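J.: My questions will all concern the structure given below.
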Amino acid sequence: MHRYLTDYILDITQNSFEASSTNVVLKIDEEDRYFSFFISDDGSGMSQEVLSKVLDPYYTNGIKHKSRKVGLGLSFLVQTIKDTGGTFDIKSKIGEGTVVMSSFDLCNIDTPPIGDIPTTLLALISSPQAKNFSIERNIKTKLGNSSYQLARSELIDVLGDLNNSSSLFMLREYLRSQEDSLVEYYVDRKLIY
Amino acid sequence: MAKMTLADLRALRDAKKVDIKKRATEGKEGRVIIGMGTCGIASGAKVVLDEFLTQLDKYGITNISVTQTGCMGLCSVEPTIEVIVPDMPDIIYGNVDKATVETIVKEHIIGNKLVNDHIIDRPASDIMSDDGDK
Ligand SMILES: Nc1ncnc2c1ncn2[C@@H]1O[C@H](COP(=O)(O)OP(=O)(O)O)[C@@H](O)[C@H]1O
Ligand SMILES: [Mg+2]
């Protein structure tokens, strides 16, 4: 299992990149006691048959791991959702794409902590398989609401290649400053909701 | 820090560019490749990525590229990374944590010395991903 909710975001969004998508959209919504993410892609999609197997930890497409026939990402997510009273939905159509939606209850004591959002977004934006990738991050709590948006193409436009360690360092500064602008709306859910 | 705009980011980049030119003769071209598959993520690959950026910046190294790859078939020793620098053999390190990252930067990348207790034998070619061995 993953230790942080952001590990799931990284893992599941990578599935979209790996499915030869051109456009991937990630939406992270933190609203009151819920932390949700929506990932949609226009990649290869899955047949009903594959879709029904995907939630089984012993399924992978036979290409990604040559040594084992075991996928883990989606089944980790589904198991954690089950264990913590969250909700999950996946829709996929061959040749059209896939949408994954998950929502975690931050008041459930078994829900993993959120984790490091800027580094997660940095790993995704700089992923060698990403193409058009956009991110929307919203927060809404009793203290107020705010949001920021990111587009990979705009960041490449400013920084050039996203492989060089000093470009990535600057990207991290940028991503941290975006997330820092939401800190005033952070609350300890277990105390408030 | 105030919320940066894209214009702020561009200004930061321009300032750094000048900085990089000043010490362009130092250091060497190289690559660090981090395994970011499910097992890598589960065992802390994100922390490793984060720490590489911190350490490379700390030592003023600007010409190393930091990239990611999927599952390398080494799930039991994740997080794994491959380090490719001139004058050194290409090495895969396993069980890399935050402290190991600084050791690898100081000893392998700067000092041309292997970090022996983290070296992993290269997996047999039949389980390497198509581009996993560069
Ligand atoms: N967004 C997606 N588009 C197309 N296929 C997908 C997507 N997400 C998952 N899959 C399919 O489901 C399989 C299992 O995914 P996952 O549980 O993450 O394991 P892994 O990615 O390690 O194979 C993948 O190998 C792939 O065939
Ligand atoms: Mg996966």
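Just remember, in the structure tokens the first chain shown is A, the second B, etc., residues are 1-based per chain, and ligands are 1-based in the order shown.
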Which parts of chain B does DSSP call helix (DSSP H, G or I) when run on the backbone here, written out as JSON, numbers by chain?
T.: {"B": [6, 7, 8, 9, 10, 11, 12, 13, 14, 15, 16, 17, 18, 19, 20, 21, 22, 38, 39, 40, 41, 42, 45, 46, 47, 48, 49, 50, 51, 52, 53, 54, 55, 56, 57, 58, 75, 76, 77, 98, 99, 100, 101, 102, 103, 104, 105, 106, 107, 108, 109, 110, 116, 117, 118, 125, 126, 127]}
J.: Applying 12 Å and only C-alpha atoms, which residues near Asp97 of chain B remain after dropping the ones on its own chain fewer than 6 positions away? List them as number ranges by chain.
T.: B: 34, 40, 43-52, 77-81, 103-104, 118
J.: So that each row is one residue of chain B with an atom at most 8 Å from chain A, can you give its shortest atom pair and the distance in Å to one decimal, using only C-alpha atoms, rows by chain and rising number, as a tab-separated table?
T.:
residue	atom	partner	partner_atom	distance
B:Met1	CA	A:Ser177	CA	6.5
B:Ala2	CA	A:Ser177	CA	6.7
B:Lys3	CA	A:Ser177	CA	5.0
B:Met4	CA	A:Ser177	CA	6.0
B:Leu6	CA	A:Val158	CA	7.4
B:Leu9	CA	A:Tyr174	CA	6.7
B:Arg10	CA	A:Val158	CA	5.6
B:Leu12	CA	A:Met170	CA	7.4
B:Arg13	CA	A:Leu159	CA	6.8
B:Gly37	CA	A:Asp11	CA	7.2
B:Thr38	CA	A:Gly73	CA	5.9
B:Ile41	CA	A:Asp7	CA	6.3
B:Ala42	CA	A:His2	CA	4.9
B:Lys46	CA	A:Thr119	CA	6.8
B:Leu49	CA	A:Ala123	CA	7.9
B:Asp50	CA	A:Thr119	CA	6.5
B:Leu53	CA	A:Phe169	CA	5.8
B:Thr54	CA	A:Phe169	CA	7.5
B:Leu56	CA	A:Ser165	CA	7.2
B:Asp57	CA	A:Ser166	CA	7.0
B:Thr62	CA	A:Ser166	CA	5.4
B:Asn63	CA	A:Asn164	CA	6.5
B:Ile64	CA	A:Ser165	CA	5.9
B:Ser65	CA	A:Asn164	CA	4.2
B:Val66	CA	A:Asn163	CA	5.4
B:Thr67	CA	A:Asn163	CA	5.9
B:Gln68	CA	A:Ser127	CA	6.4
B:Thr69	CA	A:Pro128	CA	7.9
B:Gly70	CA	A:Lys64	CA	7.8
B:Cys71	CA	A:His65	CA	6.5
B:Met72	CA	A:His65	CA	7.8
B:Gly73	CA	A:Ser67	CA	6.2
B:Asp126	CA	A:Lys66	CA	7.4
B:Ile127	CA	A:Lys66	CA	5.0
B:Met128	CA	A:Lys66	CA	7.1
B:Ser129	CA	A:Lys66	CA	7.1
J.: Do you know which residues are at most 9 Å from Tyr193 of chain A counting only C-alpha atoms, after dropping those on the same chain fewer than 4 positions away, and could you put them as a list in words?
T.: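 Non-adjacent residues within range: Asp32, Arg33, Cys107, Asp188 and Arg189 of chain A.
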J.: Hey, can you spit out that residue selection with all heavy atoms as a PDB file, in the first residue's frame?
T.:
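Written out: out09.pdb:
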ATOM      1  N   ASP A  32     -14.005  20.553   2.418  1.00  0.00           N
ATOM      2  CA  ASP A  32     -14.402  20.172   3.764  1.00  0.00           C
ATOM      3  C   ASP A  32     -13.619  18.928   4.200  1.00  0.00           C
ATOM      4  O   ASP A  32     -12.409  18.970   4.207  1.00  0.00           O
ATOM      5  CB  ASP A  32     -15.919  20.015   3.847  1.00  0.00           C
ATOM      6  CG  ASP A  32     -16.599  21.343   3.501  1.00  0.00           C
ATOM      7  OD1 ASP A  32     -15.986  22.402   3.762  1.00  0.00           O
ATOM      8  OD2 ASP A  32     -17.714  21.319   2.962  1.00  0.00           O
ATOM      9  N   ARG A  33     -14.315  17.832   4.488  1.00  0.00           N
ATOM     10  CA  ARG A  33     -13.554  16.685   5.009  1.00  0.00           C
ATOM     11  C   ARG A  33     -13.071  15.724   3.917  1.00  0.00           C
ATOM     12  O   ARG A  33     -12.492  14.683   4.210  1.00  0.00           O
ATOM     13  CB  ARG A  33     -14.370  15.935   6.059  1.00  0.00           C
ATOM     14  CG  ARG A  33     -15.672  15.388   5.500  1.00  0.00           C
ATOM     15  CD  ARG A  33     -16.526  14.852   6.599  1.00  0.00           C
ATOM     16  NE  ARG A  33     -16.088  13.535   7.053  1.00  0.00           N
ATOM     17  CZ  ARG A  33     -16.682  12.869   8.041  1.00  0.00           C
ATOM     18  NH1 ARG A  33     -17.681  13.421   8.692  1.00  0.00           N
ATOM     19  NH2 ARG A  33     -16.271  11.682   8.374  1.00  0.00           N
ATOM     20  N   CYS A 107     -11.417  12.455   7.628  1.00  0.00           N
ATOM     21  CA  CYS A 107     -11.723  12.245   9.048  1.00  0.00           C
ATOM     22  C   CYS A 107     -11.602  10.781   9.458  1.00  0.00           C
ATOM     23  O   CYS A 107     -11.610  10.473  10.639  1.00  0.00           O
ATOM     24  CB  CYS A 107     -13.128  12.741   9.366  1.00  0.00           C
ATOM     25  SG  CYS A 107     -13.248  14.535   9.305  1.00  0.00           S
ATOM     26  N   ASP A 188      -7.174  21.177  10.358  1.00  0.00           N
ATOM     27  CA  ASP A 188      -7.085  19.811  10.860  1.00  0.00           C
ATOM     28  C   ASP A 188      -8.505  19.244  10.875  1.00  0.00           C
ATOM     29  O   ASP A 188      -9.310  19.573  11.728  1.00  0.00           O
ATOM     30  CB  ASP A 188      -6.471  19.806  12.266  1.00  0.00           C
ATOM     31  CG  ASP A 188      -6.260  18.371  12.751  1.00  0.00           C
ATOM     32  OD1 ASP A 188      -6.959  17.465  12.235  1.00  0.00           O
ATOM     33  OD2 ASP A 188      -5.414  18.175  13.626  1.00  0.00           O
ATOM     34  N   ARG A 189      -8.806  18.426   9.868  1.00  0.00           N
ATOM     35  CA  ARG A 189     -10.173  17.914   9.705  1.00  0.00           C
ATOM     36  C   ARG A 189     -10.692  17.226  10.942  1.00  0.00           C
ATOM     37  O   ARG A 189     -11.847  17.314  11.292  1.00  0.00           O
ATOM     38  CB  ARG A 189     -10.240  16.884   8.562  1.00  0.00           C
ATOM     39  CG  ARG A 189     -10.580  17.458   7.218  1.00  0.00           C
ATOM     40  CD  ARG A 189      -9.626  18.489   6.858  1.00  0.00           C
ATOM     41  NE  ARG A 189      -9.787  19.047   5.555  1.00  0.00           N
ATOM     42  CZ  ARG A 189      -8.742  19.400   4.830  1.00  0.00           C
ATOM     43  NH1 ARG A 189      -7.529  19.181   5.265  1.00  0.00           N
ATOM     44  NH2 ARG A 189      -8.932  19.973   3.692  1.00  0.00           N
TER      45      ARG A 189
END
J.: Compile the contact shell of Ile39 of chain A as a count of residues only: residues with an atom at most 10 Å away, counting only C-alpha atoms, same-chain residues fewer than 2 positions apart removed.
T.: 19
J.: If I take atom CA of Ile33 of chain B and atom 23 (O, counted along the ligand's line) of ligand 1, how far is one from the other in Å, to one decimal?
T.: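 Atom 23 (O, counted along the ligand's line) of ligand 1 lies at a distance of 20.1 Å from atom CA of Ile33 of chain B.
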J.: Rank nothing, just name the residue among A:Ile156, A:Met46, A:Val187, A:Ile139 nearest to Glu30 of chain A, using only C-alpha atoms.
T.: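 Between A:Ile156, A:Met46, A:Val187, A:Ile139, the residue approaching Glu30 of chain A most closely is A:Ile139.
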J.: Atom CA of Phe104 of chain A to atom CA of Ser36 of chain A: how many Å, to one decimal?
T.: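 A separation of 6.1 Å between them.
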J.: When DSSP is applied to the backbone of this structure, which of segment 82-113 of chain B are assigned strand (DSSP E or B)? Write them out as a ChimeraX atom specification.
T.: /B:82-84,91-93
J.: Which one is closest to ligand 2: A:Ser75, A:Gln149, A:Thr84, A:Thr22? Count only C-alpha atoms and all ligand atoms.
T.: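 Closest to ligand 2, using only C-alpha atoms and all ligand atoms: A:Ser75.
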J.: For atom CA of Asn23 of chain A and atom 13 (C, counted along the ligand's line) of ligand 1, quote the distance in Å rounded to one decimal.
T.: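 Between atom CA of Asn23 of chain A and atom 13 (C, counted along the ligand's line) of ligand 1 the gap is 18.7 Å.
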J.: Go through B:Leu74, B:Pro89, B:Gln55, B:Ile61 and flag the residue nearest Glu102 of chain B, using only C-alpha atoms for the distances.
T.: B:Gln55
